[in-house]
>>> print(open('my_file-v5.cif').read())   # mmCIF, C-alpha atoms
data_model
loop_
_atom_site.label_atom_id
_atom_site.label_comp_id
_atom_site.auth_asym_id
_atom_site.auth_seq_id
_atom_site.Cartn_x
_atom_site.Cartn_y
_atom_site.Cartn_z
CA MET Z 27 -18.60 -31.60 -5.20
CA ALA Z 28 -19.85 -28.04 -5.63
CA SER Z 29 -21.29 -27.12 -9.02
CA VAL Z 30 -19.33 -24.58 -11.06
CA GLN Z 31 -21.22 -21.56 -12.39
CA LYS Z 32 -19.89 -20.34 -15.72
CA TRP Z 33 -19.70 -17.09 -17.65
CA SER Z 34 -18.05 -16.31 -20.98
CA VAL Z 35 -16.65 -13.12 -22.50
CA SER Z 36 -15.99 -13.00 -26.24
CA GLU Z 37 -14.99 -9.37 -26.90
CA PRO Z 38 -12.93 -6.76 -25.03
CA TYR Z 39 -14.64 -3.84 -23.34
CA ILE Z 40 -11.70 -1.61 -24.33
CA ASP Z 41 -9.06 -2.36 -26.97
CA VAL Z 42 -6.12 -0.97 -25.04
CA ALA Z 43 -3.40 -2.88 -26.90
CA GLY Z 44 -1.39 -3.02 -23.70
CA THR Z 45 1.53 -5.23 -22.80
CA LEU Z 46 1.01 -6.12 -19.13
CA LEU Z 47 -2.23 -4.62 -17.85
CA GLU Z 48 -2.64 -4.94 -14.06
CA GLY Z 49 -3.84 -3.12 -10.96
CA PRO Z 50 -7.56 -2.62 -11.80
CA PHE Z 51 -9.28 -0.30 -9.30
CA TYR Z 52 -12.77 1.17 -9.11
CA ASP Z 53 -12.89 4.65 -7.56
CA ALA Z 54 -16.53 4.83 -6.49
CA THR Z 55 -16.36 8.45 -5.32
CA ARG Z 56 -15.45 9.59 -8.83
CA ASN Z 57 -17.10 6.75 -10.76
CA GLU Z 58 -13.72 6.19 -12.38
CA PHE Z 59 -11.94 2.97 -13.21
CA ARG Z 60 -8.17 2.89 -13.42
CA PHE Z 61 -5.54 0.30 -14.25
CA VAL Z 62 -1.86 0.23 -15.16
CA ASP Z 63 0.44 -1.19 -17.78
CA ILE Z 64 3.45 -2.32 -15.76
CA TRP Z 65 5.60 -3.05 -18.77
CA ASP Z 66 4.79 0.12 -20.73
CA GLN Z 67 4.81 2.38 -17.64
CA LYS Z 68 1.32 3.80 -18.08
CA LEU Z 69 -1.64 4.66 -15.86
CA TYR Z 70 -5.08 4.50 -17.49
CA VAL Z 71 -8.16 6.29 -16.15
CA LEU Z 72 -11.69 5.74 -17.45
CA ASP Z 73 -14.82 7.81 -16.73
CA LEU Z 74 -17.43 5.07 -16.48
CA ALA Z 75 -20.30 7.48 -17.12
CA LYS Z 76 -18.77 8.38 -20.49
CA GLY Z 77 -17.45 4.95 -21.45
CA PRO Z 78 -14.43 3.77 -23.47
CA ASP Z 79 -13.99 7.00 -25.43
CA SER Z 80 -13.09 8.80 -22.20
CA LEU Z 81 -9.98 6.68 -21.55
CA LYS Z 82 -7.07 8.86 -20.46
CA THR Z 83 -3.46 7.67 -20.56
CA LEU Z 84 -0.72 9.00 -18.28
CA ASP Z 85 2.97 8.19 -18.64
CA THR Z 86 4.45 7.42 -15.23
CA SER Z 87 8.19 7.28 -16.13
CA VAL Z 88 8.60 4.03 -14.17
CA SER Z 89 6.39 0.99 -13.64
CA ILE Z 90 3.47 1.04 -11.21
CA GLY Z 91 2.11 -2.27 -9.95
CA VAL Z 92 -0.93 -1.24 -7.92
CA THR Z 93 -2.80 1.88 -6.79
CA ALA Z 94 -4.98 2.90 -3.83
CA ASN Z 95 -7.08 5.86 -2.79
CA ILE Z 96 -6.02 8.07 0.12
CA LYS Z 97 -8.43 8.50 3.03
CA ASP Z 98 -9.57 12.05 3.85
CA ALA Z 99 -7.07 13.54 1.43
CA GLY Z 100 -6.32 17.14 2.38
CA ASP Z 101 -5.38 20.08 0.20
CA THR Z 102 -1.87 18.78 -0.46
CA SER Z 103 -2.96 15.31 -1.59
CA ASN Z 104 -6.51 15.67 -2.91
CA ASN Z 105 -5.30 15.22 -6.47
CA GLN Z 106 -3.11 12.23 -5.63
CA ILE Z 107 -3.41 8.49 -5.22
CA ALA Z 108 -1.08 6.09 -3.43
CA VAL Z 109 0.90 3.64 -5.56
CA ALA Z 110 3.50 0.90 -5.29
CA ALA Z 111 5.94 1.77 -8.07
CA LYS Z 112 9.32 0.61 -9.35
CA TYR Z 113 11.36 1.67 -6.31
CA GLY Z 114 8.79 1.72 -3.51
CA PHE Z 115 5.67 3.41 -2.20
CA ALA Z 116 4.77 6.77 -3.69
CA LEU Z 117 2.08 9.34 -4.35
CA ALA Z 118 1.00 9.79 -7.97
CA ASP Z 119 -0.54 12.97 -9.35
CA ARG Z 120 -3.94 12.14 -10.87
CA SER Z 121 -3.47 14.70 -13.66
CA THR Z 122 0.13 14.11 -14.71
CA GLY Z 123 1.20 10.72 -13.34
CA GLU Z 124 4.20 12.34 -11.64
CA LEU Z 125 5.49 10.37 -8.65
CA THR Z 126 6.60 11.55 -5.22
CA TYR Z 127 8.17 8.73 -3.21
CA LEU Z 128 7.16 8.12 0.41
CA SER Z 129 9.55 5.20 0.90
CA LYS Z 130 12.18 3.82 -1.47
CA VAL Z 131 12.39 0.29 -0.10
CA TRP Z 132 15.73 -0.64 -1.68
CA ASP Z 133 17.55 2.39 -0.27
CA ILE Z 134 21.30 1.78 0.00
CA LEU Z 135 21.03 2.25 3.77
CA ARG Z 136 18.72 -0.77 3.95
CA ASP Z 137 20.77 -2.94 1.59
CA PRO Z 138 24.36 -1.67 1.88
CA ASN Z 139 25.85 -4.85 0.42
CA ASP Z 140 23.60 -4.89 -2.65
CA PRO Z 141 23.56 -1.49 -4.40
CA GLU Z 142 22.05 -2.98 -7.59
CA LYS Z 143 18.93 -4.30 -5.87
CA SER Z 144 16.81 -1.26 -6.70
CA HIS Z 145 17.59 -1.78 -10.39
CA ARG Z 146 16.57 -5.44 -10.58
CA MET Z 147 13.40 -5.21 -8.43
CA ARG Z 148 9.96 -3.70 -8.98
CA PHE Z 149 6.59 -3.73 -7.25
CA ASN Z 150 3.71 -5.89 -8.40
CA ASP Z 151 0.34 -6.30 -6.65
CA GLY Z 152 -0.97 -5.07 -3.30
CA ALA Z 153 -3.89 -3.79 -1.23
CA VAL Z 154 -4.78 -1.66 1.79
CA ASP Z 155 -6.00 -3.24 5.03
CA SER Z 156 -8.79 -2.08 7.35
CA HIS Z 157 -6.44 0.15 9.35
CA GLY Z 158 -5.13 1.98 6.30
CA ARG Z 159 -1.82 0.13 5.95
CA PHE Z 160 -0.58 -0.31 2.37
CA TRP Z 161 0.66 -3.84 1.62
CA ALA Z 162 2.49 -4.56 -1.64
CA GLY Z 163 4.80 -7.23 -2.98
CA ALA Z 164 8.08 -6.62 -4.78
CA MET Z 165 9.67 -9.03 -7.24
CA ASN Z 166 12.49 -9.24 -9.75
CA ASP Z 167 11.88 -6.92 -12.69
CA GLN Z 168 11.62 -9.20 -15.74
CA LYS Z 169 13.28 -6.49 -17.85
CA VAL Z 170 16.39 -7.10 -15.77
CA LYS Z 171 16.25 -10.60 -14.30
CA THR Z 172 14.09 -13.73 -14.37
CA PRO Z 173 12.02 -13.79 -11.17
CA GLY Z 174 13.62 -15.73 -8.33
CA PRO Z 175 13.11 -15.99 -4.57
CA GLU Z 176 14.08 -12.38 -3.85
CA GLY Z 177 10.48 -11.21 -3.60
CA VAL Z 178 9.28 -9.47 -0.45
CA LEU Z 179 5.84 -8.50 0.82
CA PHE Z 180 6.11 -5.04 2.41
CA ARG Z 181 3.72 -3.15 4.66
CA LEU Z 182 3.77 0.63 4.78
CA ASP Z 183 2.00 2.04 7.82
CA PRO Z 184 0.29 5.46 7.84
CA ASP Z 185 3.25 6.94 9.73
CA ARG Z 186 5.55 5.74 6.88
CA THR Z 187 7.05 2.96 9.00
CA LEU Z 188 8.12 0.18 6.62
CA HIS Z 189 7.89 -3.52 7.49
CA ARG Z 190 9.11 -6.64 5.64
CA MET Z 191 6.28 -9.09 6.23
CA VAL Z 192 7.02 -12.12 4.01
CA GLU Z 193 10.44 -12.91 2.54
CA GLN Z 194 11.64 -15.25 -0.22
CA MET Z 195 8.63 -14.89 -2.48
CA THR Z 196 8.92 -15.20 -6.25
CA ILE Z 197 6.00 -13.29 -7.79
CA PRO Z 198 3.83 -11.89 -4.98
CA ASN Z 199 0.38 -11.27 -6.35
CA GLY Z 200 -3.24 -11.01 -5.13
CA ILE Z 201 -3.69 -9.93 -1.51
CA GLY Z 202 -6.85 -9.40 0.55
CA TRP Z 203 -8.73 -10.08 3.78
CA ASN Z 204 -11.89 -11.93 4.77
CA ALA Z 205 -14.97 -10.13 6.09
CA ALA Z 206 -14.15 -11.05 9.69
CA ASP Z 207 -10.78 -9.33 9.19
CA ASP Z 208 -8.92 -12.17 10.88
CA THR Z 209 -7.50 -13.88 7.77
CA MET Z 210 -5.21 -12.49 5.08
CA TYR Z 211 -4.83 -14.16 1.68
CA LEU Z 212 -1.69 -13.85 -0.44
CA THR Z 213 -0.72 -15.37 -3.79
CA ASP Z 214 2.78 -16.42 -4.86
CA SER Z 215 2.10 -17.16 -8.51
CA PRO Z 216 4.86 -19.63 -9.52
CA THR Z 217 3.97 -21.91 -6.61
CA GLY Z 218 0.37 -22.13 -7.84
CA LYS Z 219 -0.76 -21.33 -4.31
CA ILE Z 220 -2.93 -18.80 -2.52
CA PHE Z 221 -1.82 -18.76 1.10
CA ALA Z 222 -3.85 -17.83 4.17
CA PHE Z 223 -2.45 -16.21 7.32
CA ASP Z 224 -3.95 -15.42 10.68
CA PHE Z 225 -4.28 -11.62 10.70
CA ASP Z 226 -4.27 -9.28 13.70
CA ALA Z 227 -6.09 -6.20 12.45
CA ALA Z 228 -5.05 -4.07 15.42
CA THR Z 229 -1.32 -4.56 14.91
CA GLY Z 230 -1.02 -5.72 11.30
CA ALA Z 231 0.80 -8.90 12.39
CA ILE Z 232 0.41 -12.11 10.40
CA SER Z 233 1.12 -15.70 11.42
CA ASN Z 234 0.25 -19.35 10.78
CA ARG Z 235 0.91 -19.43 7.04
CA ARG Z 236 -0.97 -22.24 5.26
CA VAL Z 237 -2.25 -23.14 1.79
CA HIS Z 238 -5.82 -21.99 1.15
CA PHE Z 239 -5.95 -22.99 -2.52
CA GLU Z 240 -3.57 -24.63 -4.96
CA LEU Z 241 -3.93 -24.52 -8.75
CA ARG Z 242 -2.51 -27.63 -10.37
CA ALA Z 243 -2.56 -26.96 -14.09
CA GLU Z 244 0.36 -27.04 -16.49
CA SER Z 245 1.58 -23.58 -17.58
CA GLN Z 246 -1.16 -21.88 -15.55
CA VAL Z 247 -0.74 -19.86 -12.35
CA PRO Z 248 -2.99 -17.77 -10.09
CA ASP Z 249 -2.42 -14.05 -10.62
CA GLY Z 250 -4.21 -11.09 -9.04
CA PHE Z 251 -7.55 -11.49 -7.30
CA ALA Z 252 -10.62 -9.71 -5.94
CA ILE Z 253 -12.85 -10.77 -3.05
CA ASP Z 254 -16.63 -10.56 -3.27
CA ALA Z 255 -19.23 -9.73 -0.63
CA GLU Z 256 -19.80 -13.44 0.02
CA GLY Z 257 -16.15 -14.02 0.91
CA CYS Z 258 -15.17 -15.75 -2.33
CA ILE Z 259 -11.89 -15.06 -4.09
CA TRP Z 260 -11.97 -14.36 -7.83
CA THR Z 261 -8.46 -15.06 -9.08
CA ALA Z 262 -7.17 -14.51 -12.60
CA VAL Z 263 -5.47 -17.57 -14.06
CA TYR Z 264 -2.47 -16.45 -16.09
CA GLY Z 265 -1.95 -18.90 -18.93
CA GLY Z 266 -5.43 -20.32 -18.46
CA GLY Z 267 -7.64 -17.69 -20.09
CA ARG Z 268 -10.02 -17.54 -17.17
CA VAL Z 269 -10.95 -16.15 -13.78
CA ILE Z 270 -12.05 -18.69 -11.18
CA ARG Z 271 -14.24 -18.12 -8.14
CA ILE Z 272 -12.97 -19.87 -5.01
CA SER Z 273 -15.24 -20.41 -2.02
CA PRO Z 274 -14.17 -19.63 1.56
CA GLU Z 275 -13.61 -23.38 1.90
CA GLY Z 276 -11.16 -23.38 -1.01
CA ALA Z 277 -13.36 -24.99 -3.68
CA VAL Z 278 -13.76 -23.68 -7.27
CA ILE Z 279 -17.41 -22.70 -7.67
CA GLY Z 280 -17.31 -20.33 -10.66
CA GLU Z 281 -15.37 -19.64 -13.85
CA VAL Z 282 -15.24 -16.76 -16.33
CA SER Z 283 -13.79 -17.76 -19.71
CA LEU Z 284 -11.88 -15.19 -21.77
CA PRO Z 285 -10.82 -15.25 -25.44
CA THR Z 286 -7.19 -14.68 -24.48
CA ARG Z 287 -4.82 -16.74 -22.39
CA ASN Z 288 -3.16 -14.29 -20.02
CA ALA Z 289 -5.71 -13.01 -17.50
CA THR Z 290 -3.94 -10.87 -14.90
CA CYS Z 291 -6.35 -9.33 -12.37
CA PRO Z 292 -10.09 -8.72 -11.76
CA ALA Z 293 -11.84 -5.89 -9.91
CA PHE Z 294 -15.50 -5.28 -9.12
CA VAL Z 295 -17.63 -2.41 -10.39
CA GLY Z 296 -21.03 -3.09 -8.87
CA THR Z 297 -21.85 -6.65 -9.94
CA GLU Z 298 -19.57 -6.47 -12.97
CA LEU Z 299 -16.12 -7.97 -12.95
CA PHE Z 300 -13.56 -5.92 -14.90
CA ILE Z 301 -10.56 -8.03 -15.95
CA THR Z 302 -7.13 -6.92 -17.11
CA THR Z 303 -5.00 -9.10 -19.39
CA ALA Z 304 -1.49 -9.28 -20.82
CA ASN Z 305 -0.51 -9.66 -24.43
CA ASP Z 306 0.23 -13.10 -25.85
CA ASP Z 307 2.64 -13.89 -28.69
CA THR Z 308 2.30 -17.69 -28.64
CA ASN Z 309 0.04 -19.65 -30.97
CA ASP Z 310 -2.07 -22.06 -28.94
CA GLU Z 311 -4.94 -24.15 -30.29
CA ARG Z 312 -6.74 -23.78 -26.96
CA PHE Z 313 -6.87 -20.01 -27.47
CA PRO Z 314 -6.85 -19.38 -31.24
CA GLU Z 315 -7.66 -15.67 -30.80
CA SER Z 316 -5.31 -15.04 -27.88
CA ILE Z 317 -2.72 -13.01 -29.80
CA ARG Z 318 -5.45 -10.74 -31.12
CA TYR Z 319 -7.26 -10.30 -27.81
CA GLY Z 320 -4.41 -10.12 -25.30
CA GLY Z 321 -3.56 -6.90 -23.49
CA HIS Z 322 -7.14 -5.57 -23.40
CA LEU Z 323 -9.73 -4.83 -20.71
CA TYR Z 324 -12.80 -7.06 -20.29
CA ARG Z 325 -15.97 -6.94 -18.23
CA VAL Z 326 -18.76 -9.37 -17.33
CA ASP Z 327 -21.73 -9.25 -14.95
CA VAL Z 328 -21.35 -12.04 -12.38
CA GLY Z 329 -24.32 -11.11 -10.19
CA VAL Z 330 -22.43 -10.47 -6.93
CA ARG Z 331 -20.83 -7.32 -5.55
CA GLY Z 332 -17.25 -6.96 -4.51
CA GLN Z 333 -15.82 -6.31 -1.09
CA ALA Z 334 -15.35 -2.60 -0.38
CA LYS Z 335 -11.82 -1.25 -0.91
CA ASN Z 336 -9.91 0.27 1.98
CA GLU Z 337 -8.07 3.59 1.67
CA PHE Z 338 -4.48 4.37 2.62
CA GLN Z 339 -4.51 6.51 5.79
CA PHE Z 340 -1.52 8.64 4.92
CA GLN Z 341 -0.31 10.79 7.81
CA GLN Z 342 1.39 13.87 6.40
#
>>> encode(input="my_file-v5.cif", output="structure tokens")
Amino acid sequence: MASVQKWSVSEPYIDVAGTLLEGPFYDATRNEFRFVDIWDQKLYVLDLAKGPDSLKTLDTSVSIGVTANIKDAGDTSNNQIAVAAKYGFALADRSTGELTYLSKVWDILRDPNDPEKSHRMRFNDGAVDSHGRFWAGAMNDQKVKTPGPEGVLFRLDPDRTLHRMVEQMTIPNGIGWNAADDTMYLTDSPTGKIFAFDFDAATGAISNRRVHFELRAESQVPDGFAIDAEGCIWTAVYGGGRVIRISPEGAVIGEVSLPTRNATCPAFVGTELFITTANDDTNDERFPESIRYGGHLYRVDVGVRGQAKNEFQFQQ
């Protein structure tokens, strides 16, 4: 059995006092770190050279689940990022948070027999592949309905062609690819599983779904993840107050302990792991400080760099 390397974080990096922090992203070109609060409909941007006091908050009017940079952004989009928001894929203004939709996935033309679908769904996590396609998973909006098997993993191609890639998910979460670019990983949180698929980088097709890792722990589920330069997945464990490092063979080989229960998603900044969390209103003797420390941003140096992020290749 592989030994498990351990790290521990005792204090937040930033006391955000958020509700459901998610979508951490390091923008290396600007040395900025951004993340969202899905529940409170906010986009946070941090200048890492200036530190926590530089945190800027933008109201986005609707929830955003995940963000991405745009490759070779021209004059009309150089102040924008790509996002998966409440109703679909959009561009967000970096200065104001204003959204311009590229594709509203629950358009009445796509779901003519279910006009309320756009109201009860929202986007959650996602990522961009090596060919600039934006993948993101939609789920039931907990403000409207308890999550059920209506979730869908979508793929938006640079030409705005929309594809439904995986149906009948519950809470689609972490998504990423191995270094060889022939395997895609995808989390469906309530199942406790991170799935692997064969991935065709040229076409974006996926096949041969199988279980790569399964978390078997009561009231704990895998949430968002990041992949490091050694091919290991670092997945947040919601309900477990930790982030675990999973080897390419599917074994747990590392663990970051947090002072709050609801870890949501990690992202790399150099060799540091930045970790978003959600608030916690339940007293639990395992996490006596969880209520106080939930909904903040954490960081810890884990000694390995993350896999480079791909950019959305938006064709205007």
>>> residues_near_point(input="my_file-v5.cif", point="(-8.0, -16.1, -8.8)", cutoff="7 Å", atoms="only C-alpha atoms", output="VMD selection string")
chain Z and resid 248 to 251 259 to 263 269 to 271
>>> closest_residue(input="my_file-v5.cif", among="Z:Gly163, Z:Ser34, Z:Pro198, Z:Pro285", to="Arg181 in chain Z", atoms="all atoms listed in the file")
Z:Gly163
>>> residues_around(input="my_file-v5.cif", residues="range 289-299 of chain Z", least_positions_apart="5", cutoff="8 Å", atoms="only C-alpha atoms", output="count of residues only")
31
>>> residues_around(input="my_file-v5.cif", residues="Gly91 in chain Z", least_positions_apart="3", cutoff="8 Å", atoms="all atoms listed in the file", output="list in words")
Glu48, Gly49, Val62, Ile64, Val109, Ala110, Ala111, Lys112, Phe149, Asn150, Asp151 and Gly152 of chain Z
>>> resolve_selection(input="my_file-v5.cif", expression="the PyMOL selection byres ((chain Z and resi 108) around 6)", output="PyMOL selection string")
chain Z and resi 93-94+107+109+116-117
>>> closest_residue(input="my_file-v5.cif", among="Z:Val35, Z:Val154, Z:Ile253, Z:Val278", to="Glu240 in chain Z", atoms="all atoms listed in the file")
Z:Val278
>>> atom_distance(input="my_file-v5.cif", atom1="CA of Asp85 in chain Z", atom2="CA of Asp63 in chain Z")
9.8 Å
>>> atom_distance(input="my_file-v5.cif", atom1="CA of Cys258 in chain Z", atom2="CA of Arg148 in chain Z")
28.7 Å
>>> resolve_selection(input="my_file-v5.cif", expression="the PyMOL selection byres ((chain Z and resi 208) around 12)", output="list of chain:residue names")
Z:Asp155, Z:Ser156, Z:Gly202, Z:Trp203, Z:Asn204, Z:Ala205, Z:Ala206, Z:Asp207, Z:Thr209, Z:Met210, Z:Tyr211, Z:Ala222, Z:Phe223, Z:Asp224, Z:Phe225, Z:Asp226, Z:Ala227, Z:Ala228, Z:Thr229, Z:Gly230, Z:Ala231, Z:Ile232, Z:Ser233, Z:Asn234
>>> closest_residue(input="my_file-v5.cif", among="Z:Phe340, Z:Trp161, Z:Tyr319, Z:Phe59", to="Gly44 in chain Z", atoms="all atoms listed in the file")
Z:Tyr319
>>> residues_near_point(input="my_file-v5.cif", point="(10.0, -6.6, 8.1)", cutoff="9 Å", atoms="only C-alpha atoms", output="compact mmCIF listing (two decimals) with C-alpha atoms, in the frame of the given file")
# COMPACT_ATOMS: atom_id res chain seq x y z
CA LEU Z 179 5.84 -8.50 0.82
CA PHE Z 180 6.11 -5.04 2.41
CA ARG Z 181 3.72 -3.15 4.66
CA LEU Z 188 8.12 0.18 6.62
CA HIS Z 189 7.89 -3.52 7.49
CA ARG Z 190 9.11 -6.64 5.64
CA MET Z 191 6.28 -9.09 6.23
CA VAL Z 192 7.02 -12.12 4.01
CA GLU Z 193 10.44 -12.91 2.54
>>> residues_around(input="my_file-v5.cif", residues="Pro175 in chain Z", least_positions_apart="3", cutoff="6 Å", atoms="only C-alpha atoms", output="VMD selection string")
chain Z and resid 194 to 196
>>> closest_residue(input="my_file-v5.cif", among="Z:Val178, Z:Ile301, Z:Ala277, Z:Ile317", to="Tyr39 in chain Z", atoms="all atoms listed in the file")
Z:Ile301
>>> closest_residue(input="my_file-v5.cif", among="Z:Lys130, Z:Lys169, Z:Arg146, Z:Arg235", to="Asp66 in chain Z", atoms="all atoms listed in the file")
Z:Lys169
